[in-house]
>>> print(open('start.cif').read())   # mmCIF, N, CA and C atoms
data_model
#
loop_
_atom_site.label_atom_id
_atom_site.label_comp_id
_atom_site.auth_asym_id
_atom_site.auth_seq_id
_atom_site.Cartn_x
_atom_site.Cartn_y
_atom_site.Cartn_z
N GLN J 1 17.25 -9.06 16.72
CA GLN J 1 17.36 -7.63 17.01
C GLN J 1 16.75 -6.85 15.86
N MET J 2 15.86 -5.93 16.20
CA MET J 2 15.18 -5.17 15.17
C MET J 2 16.11 -4.16 14.52
N GLN J 3 15.98 -4.03 13.22
CA GLN J 3 16.77 -3.06 12.47
C GLN J 3 15.90 -2.35 11.46
N LEU J 4 16.28 -1.15 11.12
CA LEU J 4 15.66 -0.40 10.04
C LEU J 4 16.70 -0.21 8.96
N VAL J 5 16.39 -0.63 7.75
CA VAL J 5 17.31 -0.52 6.63
C VAL J 5 16.68 0.35 5.56
N GLN J 6 17.32 1.45 5.27
CA GLN J 6 16.80 2.41 4.32
C GLN J 6 17.31 2.15 2.92
N SER J 7 16.50 2.55 1.94
CA SER J 7 16.91 2.51 0.54
C SER J 7 16.25 3.67 -0.19
N GLY J 8 16.74 3.93 -1.38
CA GLY J 8 16.23 5.05 -2.15
C GLY J 8 17.14 6.24 -1.99
N GLY J 9 16.66 7.39 -2.37
CA GLY J 9 17.48 8.58 -2.31
C GLY J 9 18.34 8.73 -3.54
N GLY J 10 19.18 9.76 -3.55
CA GLY J 10 20.06 10.01 -4.68
C GLY J 10 19.99 11.45 -5.13
N LEU J 11 20.36 11.65 -6.38
CA LEU J 11 20.40 12.99 -6.98
C LEU J 11 19.22 13.16 -7.93
N VAL J 12 18.52 14.27 -7.80
CA VAL J 12 17.38 14.55 -8.66
C VAL J 12 17.34 16.03 -8.97
N GLN J 13 16.80 16.37 -10.11
CA GLN J 13 16.67 17.79 -10.49
C GLN J 13 15.49 18.42 -9.76
N PRO J 14 15.52 19.72 -9.59
CA PRO J 14 14.36 20.40 -8.99
C PRO J 14 13.08 20.08 -9.75
N GLY J 15 12.03 19.83 -8.99
CA GLY J 15 10.76 19.43 -9.58
C GLY J 15 10.59 17.93 -9.73
N GLY J 16 11.65 17.21 -9.51
CA GLY J 16 11.62 15.76 -9.66
C GLY J 16 11.06 15.06 -8.44
N SER J 17 11.08 13.72 -8.51
CA SER J 17 10.52 12.90 -7.44
C SER J 17 11.51 11.83 -7.01
N LEU J 18 11.40 11.45 -5.76
CA LEU J 18 12.16 10.33 -5.22
C LEU J 18 11.28 9.60 -4.21
N ARG J 19 11.59 8.34 -4.03
CA ARG J 19 10.87 7.54 -3.04
C ARG J 19 11.88 6.90 -2.11
N LEU J 20 11.68 7.13 -0.82
CA LEU J 20 12.51 6.50 0.19
C LEU J 20 11.75 5.34 0.81
N SER J 21 12.47 4.27 1.10
CA SER J 21 11.87 3.13 1.77
C SER J 21 12.67 2.80 3.02
N CYS J 22 11.99 2.16 3.94
CA CYS J 22 12.61 1.79 5.22
C CYS J 22 12.02 0.44 5.61
N ALA J 23 12.84 -0.58 5.60
CA ALA J 23 12.38 -1.93 5.90
C ALA J 23 12.75 -2.30 7.32
N ALA J 24 11.77 -2.79 8.05
CA ALA J 24 12.00 -3.22 9.43
C ALA J 24 12.15 -4.72 9.47
N SER J 25 13.10 -5.18 10.22
CA SER J 25 13.28 -6.62 10.38
C SER J 25 13.20 -6.96 11.86
N GLY J 26 12.56 -8.06 12.14
CA GLY J 26 12.57 -8.55 13.51
C GLY J 26 11.30 -8.31 14.29
N ARG J 27 10.42 -7.45 13.81
CA ARG J 27 9.19 -7.18 14.54
C ARG J 27 8.20 -6.45 13.64
N THR J 28 6.92 -6.58 13.94
CA THR J 28 5.93 -5.85 13.16
C THR J 28 5.83 -4.41 13.66
N LEU J 29 5.33 -3.56 12.78
CA LEU J 29 5.36 -2.12 13.03
C LEU J 29 4.06 -1.54 13.57
N ASP J 30 3.03 -2.36 13.68
CA ASP J 30 1.69 -1.84 13.97
C ASP J 30 1.67 -0.87 15.15
N TYR J 31 2.32 -1.23 16.24
CA TYR J 31 2.20 -0.45 17.46
C TYR J 31 3.37 0.52 17.65
N TYR J 32 4.07 0.78 16.57
CA TYR J 32 5.15 1.75 16.62
C TYR J 32 4.71 3.05 15.94
N ALA J 33 5.07 4.17 16.54
CA ALA J 33 4.99 5.43 15.82
C ALA J 33 6.20 5.48 14.89
N ILE J 34 6.00 6.00 13.70
CA ILE J 34 7.09 6.09 12.75
C ILE J 34 7.33 7.55 12.39
N GLY J 35 8.58 7.87 12.12
CA GLY J 35 8.91 9.24 11.76
C GLY J 35 9.93 9.28 10.66
N TRP J 36 9.86 10.31 9.87
CA TRP J 36 10.88 10.63 8.87
C TRP J 36 11.49 11.98 9.27
N PHE J 37 12.80 12.01 9.32
CA PHE J 37 13.54 13.21 9.69
C PHE J 37 14.56 13.51 8.62
N ARG J 38 15.07 14.73 8.64
CA ARG J 38 16.16 15.07 7.73
C ARG J 38 17.10 16.05 8.42
N GLN J 39 18.34 16.01 7.96
CA GLN J 39 19.34 16.91 8.49
C GLN J 39 20.20 17.43 7.34
N ALA J 40 20.11 18.73 7.14
CA ALA J 40 20.92 19.39 6.12
C ALA J 40 22.25 19.82 6.74
N PRO J 41 23.29 20.00 5.95
CA PRO J 41 24.58 20.40 6.49
C PRO J 41 24.47 21.68 7.32
N GLY J 42 25.01 21.64 8.52
CA GLY J 42 25.02 22.81 9.38
C GLY J 42 23.71 23.12 10.05
N LYS J 43 22.74 22.24 9.89
CA LYS J 43 21.42 22.49 10.47
C LYS J 43 21.03 21.38 11.44
N GLU J 44 20.06 21.68 12.27
CA GLU J 44 19.52 20.70 13.20
C GLU J 44 18.69 19.67 12.45
N ARG J 45 18.63 18.48 13.00
CA ARG J 45 17.73 17.47 12.44
C ARG J 45 16.30 17.92 12.68
N GLU J 46 15.46 17.77 11.66
CA GLU J 46 14.07 18.22 11.78
C GLU J 46 13.13 17.11 11.33
N VAL J 47 11.93 17.15 11.87
CA VAL J 47 10.93 16.17 11.47
C VAL J 47 10.35 16.57 10.12
N VAL J 48 10.15 15.58 9.28
CA VAL J 48 9.53 15.78 7.97
C VAL J 48 8.09 15.30 8.01
N SER J 49 7.90 14.13 8.58
CA SER J 49 6.58 13.52 8.63
C SER J 49 6.55 12.46 9.72
N CYS J 50 5.37 12.14 10.19
CA CYS J 50 5.25 11.02 11.11
C CYS J 50 3.85 10.42 11.01
N ILE J 51 3.76 9.17 11.39
CA ILE J 51 2.49 8.46 11.46
C ILE J 51 2.42 7.79 12.82
N SER J 52 1.32 7.99 13.51
CA SER J 52 1.19 7.47 14.87
C SER J 52 0.98 5.96 14.88
N SER J 53 1.18 5.39 16.03
CA SER J 53 0.89 3.97 16.26
C SER J 53 -0.60 3.71 16.02
N VAL J 54 -0.95 2.46 15.70
CA VAL J 54 -2.36 2.12 15.50
C VAL J 54 -3.14 2.27 16.80
N SER J 55 -2.45 2.35 17.93
CA SER J 55 -3.12 2.52 19.22
C SER J 55 -3.39 3.98 19.54
N SER J 56 -2.90 4.88 18.71
CA SER J 56 -3.14 6.30 18.94
C SER J 56 -4.54 6.69 18.52
N SER J 57 -5.02 7.78 19.09
CA SER J 57 -6.35 8.27 18.74
C SER J 57 -6.34 9.01 17.41
N ASP J 58 -5.15 9.34 16.90
CA ASP J 58 -5.06 10.11 15.66
C ASP J 58 -4.08 9.41 14.73
N GLY J 59 -4.61 8.73 13.74
CA GLY J 59 -3.77 7.96 12.83
C GLY J 59 -3.38 8.69 11.56
N SER J 60 -3.82 9.93 11.42
CA SER J 60 -3.52 10.64 10.19
C SER J 60 -2.07 11.10 10.19
N PRO J 61 -1.41 11.03 9.05
CA PRO J 61 -0.01 11.45 8.99
C PRO J 61 0.14 12.94 9.29
N TYR J 62 1.25 13.26 9.90
CA TYR J 62 1.63 14.65 10.14
C TYR J 62 2.73 15.02 9.16
N TYR J 63 2.68 16.25 8.65
CA TYR J 63 3.72 16.75 7.74
C TYR J 63 4.19 18.12 8.19
N ALA J 64 5.47 18.33 8.11
CA ALA J 64 5.99 19.67 8.33
C ALA J 64 5.45 20.61 7.25
N ASP J 65 5.27 21.86 7.59
CA ASP J 65 4.73 22.82 6.63
C ASP J 65 5.56 22.88 5.36
N SER J 66 6.86 22.70 5.50
CA SER J 66 7.75 22.84 4.35
C SER J 66 7.56 21.74 3.31
N VAL J 67 6.92 20.64 3.68
CA VAL J 67 6.76 19.52 2.74
C VAL J 67 5.30 19.18 2.49
N LYS J 68 4.40 19.83 3.19
CA LYS J 68 2.98 19.53 3.06
C LYS J 68 2.52 19.70 1.62
N GLY J 69 1.80 18.72 1.13
CA GLY J 69 1.32 18.76 -0.24
C GLY J 69 2.29 18.20 -1.26
N ARG J 70 3.53 17.96 -0.83
CA ARG J 70 4.54 17.42 -1.76
C ARG J 70 5.02 16.02 -1.35
N PHE J 71 5.04 15.77 -0.06
CA PHE J 71 5.53 14.48 0.46
C PHE J 71 4.35 13.66 0.97
N THR J 72 4.47 12.35 0.83
CA THR J 72 3.46 11.43 1.34
C THR J 72 4.14 10.27 2.06
N ALA J 73 3.81 10.13 3.33
CA ALA J 73 4.36 9.03 4.12
C ALA J 73 3.33 7.91 4.22
N ALA J 74 3.82 6.69 4.25
CA ALA J 74 2.92 5.54 4.36
C ALA J 74 3.60 4.43 5.13
N ARG J 75 2.78 3.60 5.73
CA ARG J 75 3.30 2.43 6.42
C ARG J 75 2.59 1.21 5.88
N ASP J 76 3.30 0.13 5.70
CA ASP J 76 2.75 -1.13 5.25
C ASP J 76 2.98 -2.13 6.38
N ASN J 77 1.94 -2.35 7.17
CA ASN J 77 2.10 -3.21 8.34
C ASN J 77 2.20 -4.69 7.98
N VAL J 78 1.79 -5.03 6.78
CA VAL J 78 1.89 -6.42 6.35
C VAL J 78 3.33 -6.77 6.01
N ASN J 79 3.96 -5.88 5.26
CA ASN J 79 5.35 -6.12 4.84
C ASN J 79 6.37 -5.43 5.73
N ASP J 80 5.88 -4.72 6.77
CA ASP J 80 6.79 -4.04 7.71
C ASP J 80 7.73 -3.09 7.00
N THR J 81 7.16 -2.26 6.16
CA THR J 81 7.96 -1.25 5.47
C THR J 81 7.33 0.12 5.61
N LEU J 82 8.17 1.11 5.56
CA LEU J 82 7.74 2.50 5.59
C LEU J 82 8.19 3.13 4.27
N SER J 83 7.47 4.13 3.84
CA SER J 83 7.87 4.81 2.61
C SER J 83 7.63 6.30 2.75
N LEU J 84 8.41 7.04 1.99
CA LEU J 84 8.23 8.49 1.91
C LEU J 84 8.34 8.86 0.44
N GLN J 85 7.21 9.19 -0.16
CA GLN J 85 7.19 9.63 -1.55
C GLN J 85 7.39 11.14 -1.58
N MET J 86 8.39 11.58 -2.30
CA MET J 86 8.72 13.01 -2.33
C MET J 86 8.58 13.52 -3.75
N ASN J 87 7.66 14.44 -3.94
CA ASN J 87 7.41 15.03 -5.25
C ASN J 87 7.73 16.51 -5.24
N SER J 88 7.84 17.08 -6.41
CA SER J 88 8.12 18.52 -6.55
C SER J 88 9.28 18.94 -5.67
N LEU J 89 10.34 18.19 -5.75
CA LEU J 89 11.49 18.45 -4.87
C LEU J 89 12.15 19.78 -5.17
N LYS J 90 12.65 20.38 -4.10
CA LYS J 90 13.30 21.68 -4.19
C LYS J 90 14.74 21.56 -3.69
N PRO J 91 15.61 22.46 -4.08
CA PRO J 91 16.99 22.40 -3.58
C PRO J 91 17.07 22.41 -2.06
N GLU J 92 16.14 23.09 -1.42
CA GLU J 92 16.15 23.14 0.04
C GLU J 92 15.73 21.83 0.70
N ASP J 93 15.31 20.87 -0.09
CA ASP J 93 15.02 19.53 0.44
C ASP J 93 16.29 18.69 0.55
N THR J 94 17.38 19.20 0.06
CA THR J 94 18.64 18.46 0.13
C THR J 94 19.05 18.23 1.57
N ALA J 95 19.27 16.96 1.91
CA ALA J 95 19.59 16.59 3.29
C ALA J 95 19.83 15.09 3.36
N VAL J 96 20.30 14.64 4.50
CA VAL J 96 20.29 13.22 4.81
C VAL J 96 18.96 12.92 5.49
N TYR J 97 18.26 11.93 4.96
CA TYR J 97 16.95 11.58 5.47
C TYR J 97 17.04 10.30 6.31
N TYR J 98 16.30 10.28 7.41
CA TYR J 98 16.30 9.15 8.33
C TYR J 98 14.87 8.70 8.60
N CYS J 99 14.67 7.41 8.69
CA CYS J 99 13.43 6.87 9.24
C CYS J 99 13.70 6.47 10.70
N ALA J 100 12.66 6.47 11.49
CA ALA J 100 12.81 6.13 12.91
C ALA J 100 11.48 5.60 13.42
N ILE J 101 11.56 4.79 14.48
CA ILE J 101 10.35 4.25 15.09
C ILE J 101 10.47 4.32 16.60
N THR J 102 9.33 4.29 17.25
CA THR J 102 9.29 4.23 18.70
C THR J 102 8.01 3.55 19.15
N TRP J 103 8.13 2.77 20.22
CA TRP J 103 6.97 2.08 20.78
C TRP J 103 6.25 3.07 21.69
N ASP J 104 5.32 3.82 21.09
CA ASP J 104 4.68 4.91 21.83
C ASP J 104 3.32 5.19 21.21
N GLY J 105 2.28 5.20 22.04
CA GLY J 105 0.94 5.45 21.54
C GLY J 105 0.56 6.92 21.49
N THR J 106 1.49 7.78 21.87
CA THR J 106 1.22 9.22 21.80
C THR J 106 1.06 9.65 20.35
N THR J 107 0.14 10.55 20.11
CA THR J 107 0.00 11.12 18.77
C THR J 107 1.36 11.66 18.33
N CYS J 108 1.81 11.23 17.17
CA CYS J 108 3.22 11.41 16.81
C CYS J 108 3.64 12.86 16.69
N ARG J 109 2.70 13.76 16.40
CA ARG J 109 3.10 15.15 16.26
C ARG J 109 3.59 15.74 17.58
N HIS J 110 3.32 15.05 18.67
CA HIS J 110 3.78 15.49 19.98
C HIS J 110 5.12 14.88 20.36
N LEU J 111 5.66 14.00 19.52
CA LEU J 111 6.94 13.37 19.79
C LEU J 111 8.07 14.18 19.19
N THR J 112 9.21 14.13 19.83
CA THR J 112 10.41 14.77 19.28
C THR J 112 11.37 13.67 18.83
N GLN J 113 12.44 14.08 18.19
CA GLN J 113 13.40 13.09 17.70
C GLN J 113 13.97 12.29 18.86
N TYR J 114 14.00 12.86 20.05
CA TYR J 114 14.58 12.18 21.20
C TYR J 114 13.68 11.07 21.73
N ASP J 115 12.43 11.05 21.29
CA ASP J 115 11.50 10.00 21.70
C ASP J 115 11.65 8.74 20.85
N TYR J 116 12.34 8.82 19.74
CA TYR J 116 12.47 7.69 18.84
C TYR J 116 13.67 6.83 19.25
N SER J 117 13.44 5.54 19.29
CA SER J 117 14.44 4.64 19.86
C SER J 117 15.26 3.87 18.83
N LEU J 118 14.76 3.78 17.61
CA LEU J 118 15.48 3.01 16.59
C LEU J 118 15.50 3.81 15.30
N TRP J 119 16.67 3.93 14.71
CA TRP J 119 16.86 4.76 13.52
C TRP J 119 17.45 3.96 12.37
N GLY J 120 17.05 4.37 11.17
CA GLY J 120 17.70 3.84 9.99
C GLY J 120 19.07 4.48 9.84
N GLN J 121 19.81 4.00 8.84
CA GLN J 121 21.19 4.43 8.68
C GLN J 121 21.31 5.79 7.98
N GLY J 122 20.22 6.30 7.44
CA GLY J 122 20.25 7.57 6.74
C GLY J 122 20.55 7.38 5.26
N THR J 123 19.96 8.24 4.44
CA THR J 123 20.21 8.20 3.01
C THR J 123 20.24 9.64 2.48
N GLN J 124 21.18 9.89 1.57
CA GLN J 124 21.36 11.24 1.06
C GLN J 124 20.35 11.53 -0.06
N VAL J 125 19.73 12.68 0.04
CA VAL J 125 18.87 13.20 -1.03
C VAL J 125 19.46 14.55 -1.45
N THR J 126 19.80 14.66 -2.73
CA THR J 126 20.37 15.88 -3.26
C THR J 126 19.50 16.38 -4.41
N VAL J 127 19.03 17.61 -4.29
CA VAL J 127 18.19 18.21 -5.33
C VAL J 127 18.99 19.34 -5.96
N ALA J 128 19.40 19.14 -7.18
CA ALA J 128 20.25 20.12 -7.86
C ALA J 128 20.11 19.96 -9.37
N SER J 129 20.29 21.07 -10.07
CA SER J 129 20.19 21.02 -11.53
C SER J 129 21.56 20.80 -12.16
#
>>> encode(input="start.cif", output="structure tokens")
Amino acid sequence: QMQLVQSGGGLVQPGGSLRLSCAASGRTLDYYAIGWFRQAPGKEREVVSCISSVSSSDGSPYYADSVKGRFTAARDNVNDTLSLQMNSLKPEDTAVYYCAITWDGTTCRHLTQYDYSLWGQGTQVTVAS
């Protein structure tokens, strides 16, 4: 049974960096769209970034405007891991972060959280001085 296991996260000061990882077990990730989401207290879960399946016509990562230029998502299809490098962190980045995957060749920016079928357990990121 495929699982996503997240690691990383924690407490960091504003302007600092963190790296989140998401390890997949049980299957390779090549043909899965991957997404990173976050949910702050009292707010809806929102997409942070996504990378389409290798079968999609658009393989470039998508980033929400709020993180563009600061976050970098990557997939390692050899080791079946996903990563989210977060730089220049701000207090408003504080949230629980989730990785997710779905077997879907649609360009990922057109997918919603409801299209993702497998989720990591979530990891807390807190940005505070």
>>> closest_residue(input="start.cif", among="J:Val125, J:Ile101, J:Ala40, J:Cys50", to="Tyr62 in chain J", atoms="only N, CA and C atoms")
J:Cys50
>>> closest_residue(input="start.cif", among="J:Ala24, J:Gly59, J:Asp93, J:Arg45", to="Phe71 in chain J", atoms="only C-alpha atoms")
J:Asp93
>>> select_by_dssp(input="start.cif", residues="chain J", states="strand (DSSP E)", output="JSON, numbers by chain")
{"J": [3, 4, 5, 6, 7, 8, 10, 11, 12, 18, 19, 20, 21, 22, 23, 24, 25, 33, 34, 35, 36, 37, 38, 39, 46, 47, 48, 49, 50, 51, 62, 63, 71, 72, 73, 74, 75, 76, 81, 82, 83, 84, 85, 86, 95, 96, 97, 98, 99, 100, 101, 102, 118, 119, 123, 124, 125, 126, 127]}
>>> atom_distance(input="start.cif", atom1="CA of Pro61 in chain J", atom2="atom C of Arg75 in chain J")
11.0 Å
>>> closest_residue(input="start.cif", among="J:His110, J:Arg38, J:Arg27, J:Arg19", to="Asp80 in chain J", atoms="only C-alpha atoms")
J:Arg27
>>> residues_near_point(input="start.cif", point="(11.8, 27.7, -10.1)", cutoff="12 Å", atoms="only C-alpha atoms", output="JSON, numbers by chain")
{"J": [13, 14, 15, 16, 88, 89, 90, 91, 92, 128, 129]}
>>> write_last_selection(input="start.cif", atoms="N, CA and C atoms", output="short mmCIF file (atom, residue, chain, number, x, y, z; two decimals), keeping the file's coordinate frame")
data_model
loop_
_atom_site.label_atom_id
_atom_site.label_comp_id
_atom_site.auth_asym_id
_atom_site.auth_seq_id
_atom_site.Cartn_x
_atom_site.Cartn_y
_atom_site.Cartn_z
N GLN J 13 16.80 16.37 -10.11
CA GLN J 13 16.67 17.79 -10.49
C GLN J 13 15.49 18.42 -9.76
N PRO J 14 15.52 19.72 -9.59
CA PRO J 14 14.36 20.40 -8.99
C PRO J 14 13.08 20.08 -9.75
N GLY J 15 12.03 19.83 -8.99
CA GLY J 15 10.76 19.43 -9.58
C GLY J 15 10.59 17.93 -9.73
N GLY J 16 11.65 17.21 -9.51
CA GLY J 16 11.62 15.76 -9.66
C GLY J 16 11.06 15.06 -8.44
N SER J 88 7.84 17.08 -6.41
CA SER J 88 8.12 18.52 -6.55
C SER J 88 9.28 18.94 -5.67
N LEU J 89 10.34 18.19 -5.75
CA LEU J 89 11.49 18.45 -4.87
C LEU J 89 12.15 19.78 -5.17
N LYS J 90 12.65 20.38 -4.10
CA LYS J 90 13.30 21.68 -4.19
C LYS J 90 14.74 21.56 -3.69
N PRO J 91 15.61 22.46 -4.08
CA PRO J 91 16.99 22.40 -3.58
C PRO J 91 17.07 22.41 -2.06
N GLU J 92 16.14 23.09 -1.42
CA GLU J 92 16.15 23.14 0.04
C GLU J 92 15.73 21.83 0.70
N ALA J 128 19.40 19.14 -7.18
CA ALA J 128 20.25 20.12 -7.86
C ALA J 128 20.11 19.96 -9.37
N SER J 129 20.29 21.07 -10.07
CA SER J 129 20.19 21.02 -11.53
C SER J 129 21.56 20.80 -12.16
#
>>> resolve_selection(input="start.cif", expression="the PyMOL selection byres ((chain J and resi 48) around 6)", output="PDB file with N, CA and C atoms, keeping the file's coordinate frame")
ATOM      1  N   TRP J  36       9.860  10.310   9.870  1.00  0.00           N
ATOM      2  CA  TRP J  36      10.880  10.630   8.870  1.00  0.00           C
ATOM      3  C   TRP J  36      11.490  11.980   9.270  1.00  0.00           C
ATOM      4  N   PHE J  37      12.800  12.010   9.320  1.00  0.00           N
ATOM      5  CA  PHE J  37      13.540  13.210   9.690  1.00  0.00           C
ATOM      6  C   PHE J  37      14.560  13.510   8.620  1.00  0.00           C
ATOM      7  N   ARG J  38      15.070  14.730   8.640  1.00  0.00           N
ATOM      8  CA  ARG J  38      16.160  15.070   7.730  1.00  0.00           C
ATOM      9  C   ARG J  38      17.100  16.050   8.420  1.00  0.00           C
ATOM     10  N   GLU J  46      15.460  17.770  11.660  1.00  0.00           N
ATOM     11  CA  GLU J  46      14.070  18.220  11.780  1.00  0.00           C
ATOM     12  C   GLU J  46      13.130  17.110  11.330  1.00  0.00           C
ATOM     13  N   VAL J  47      11.930  17.150  11.870  1.00  0.00           N
ATOM     14  CA  VAL J  47      10.930  16.170  11.470  1.00  0.00           C
ATOM     15  C   VAL J  47      10.350  16.570  10.120  1.00  0.00           C
ATOM     16  N   SER J  49       7.900  14.130   8.580  1.00  0.00           N
ATOM     17  CA  SER J  49       6.580  13.520   8.630  1.00  0.00           C
ATOM     18  C   SER J  49       6.550  12.460   9.720  1.00  0.00           C
ATOM     19  N   CYS J  50       5.370  12.140  10.190  1.00  0.00           N
ATOM     20  CA  CYS J  50       5.250  11.020  11.110  1.00  0.00           C
ATOM     21  C   CYS J  50       3.850  10.420  11.010  1.00  0.00           C
ATOM     22  N   TYR J  62       1.250  13.260   9.900  1.00  0.00           N
ATOM     23  CA  TYR J  62       1.630  14.650  10.140  1.00  0.00           C
ATOM     24  C   TYR J  62       2.730  15.020   9.160  1.00  0.00           C
ATOM     25  N   TYR J  63       2.680  16.250   8.650  1.00  0.00           N
ATOM     26  CA  TYR J  63       3.720  16.750   7.740  1.00  0.00           C
ATOM     27  C   TYR J  63       4.190  18.120   8.190  1.00  0.00           C
ATOM     28  N   ALA J  64       5.470  18.330   8.110  1.00  0.00           N
ATOM     29  CA  ALA J  64       5.990  19.670   8.330  1.00  0.00           C
ATOM     30  C   ALA J  64       5.450  20.610   7.250  1.00  0.00           C
TER      31      ALA J  64
END
>>> closest_residue(input="start.cif", among="J:Thr107, J:Thr102, J:Thr81, J:Asn87", to="Trp119 in chain J", atoms="all atoms listed in the file")
J:Thr102
>>> resolve_selection(input="start.cif", expression="the PyMOL selection byres (((chain J and resi 84 and name CA) around 6) and name CA)", output="list in words")
Arg19, Leu20, Thr72, Ala73, Ser83 and Gln85 of chain J
>>> select_by_dssp(input="start.cif", residues="chain J", states="helix (DSSP H, G or I)", output="ChimeraX atom specification")
/J:91-93,108-110,113-115
>>> resolve_selection(input="start.cif", expression="the PyMOL selection byres (((chain J and resi 117 and name CA) around 10) and name CA)", output="ChimeraX atom specification")
/J:100-104,113-116,118-119
>>> residues_around(input="start.cif", residues="Leu18 in chain J", least_positions_apart="5", cutoff="8 Å", atoms="only C-alpha atoms", output="count of residues only")
7
>>> closest_residue(input="start.cif", among="J:Thr28, J:Thr106, J:Ser21, J:Ser60", to="Gln6 in chain J", atoms="all atoms listed in the file")
J:Ser21
>>> atom_distance(input="start.cif", atom1="CA of Ser55 in chain J", atom2="CA of Ser7 in chain J")
27.4 Å
>>> closest_residue(input="start.cif", among="J:Gln121, J:Ser66, J:Thr112, J:Gln39", to="Thr94 in chain J", atoms="only N, CA and C atoms")
J:Gln39
>>> atom_distance(input="start.cif", atom1="atom N of Tyr31 in chain J", atom2="CA of Gln124 in chain J")
27.4 Å
>>> residues_around(input="start.cif", residues="Ser25 in chain J", least_positions_apart="6", cutoff="10 Å", atoms="only C-alpha atoms", output="mmCIF file with N, CA and C atoms, in the coordinates of the input")
data_model
loop_
_atom_site.group_PDB
_atom_site.id
_atom_site.type_symbol
_atom_site.label_atom_id
_atom_site.label_comp_id
_atom_site.auth_asym_id
_atom_site.auth_seq_id
_atom_site.Cartn_x
_atom_site.Cartn_y
_atom_site.Cartn_z
ATOM 1 N N GLN J 1 17.250 -9.060 16.720
ATOM 2 C CA GLN J 1 17.360 -7.630 17.010
ATOM 3 C C GLN J 1 16.750 -6.850 15.860
ATOM 4 N N MET J 2 15.860 -5.930 16.200
ATOM 5 C CA MET J 2 15.180 -5.170 15.170
ATOM 6 C C MET J 2 16.110 -4.160 14.520
ATOM 7 N N GLN J 3 15.980 -4.030 13.220
ATOM 8 C CA GLN J 3 16.770 -3.060 12.470
ATOM 9 C C GLN J 3 15.900 -2.350 11.460
ATOM 10 N N LEU J 4 16.280 -1.150 11.120
ATOM 11 C CA LEU J 4 15.660 -0.400 10.040
ATOM 12 C C LEU J 4 16.700 -0.210 8.960
ATOM 13 N N VAL J 5 16.390 -0.630 7.750
ATOM 14 C CA VAL J 5 17.310 -0.520 6.630
ATOM 15 C C VAL J 5 16.680 0.350 5.560
ATOM 16 N N ASN J 79 3.960 -5.880 5.260
ATOM 17 C CA ASN J 79 5.350 -6.120 4.840
ATOM 18 C C ASN J 79 6.370 -5.430 5.730
ATOM 19 N N ASP J 80 5.880 -4.720 6.770
ATOM 20 C CA ASP J 80 6.790 -4.040 7.710
ATOM 21 C C ASP J 80 7.730 -3.090 7.000
ATOM 22 N N THR J 81 7.160 -2.260 6.160
ATOM 23 C CA THR J 81 7.960 -1.250 5.470
ATOM 24 C C THR J 81 7.330 0.120 5.610
#
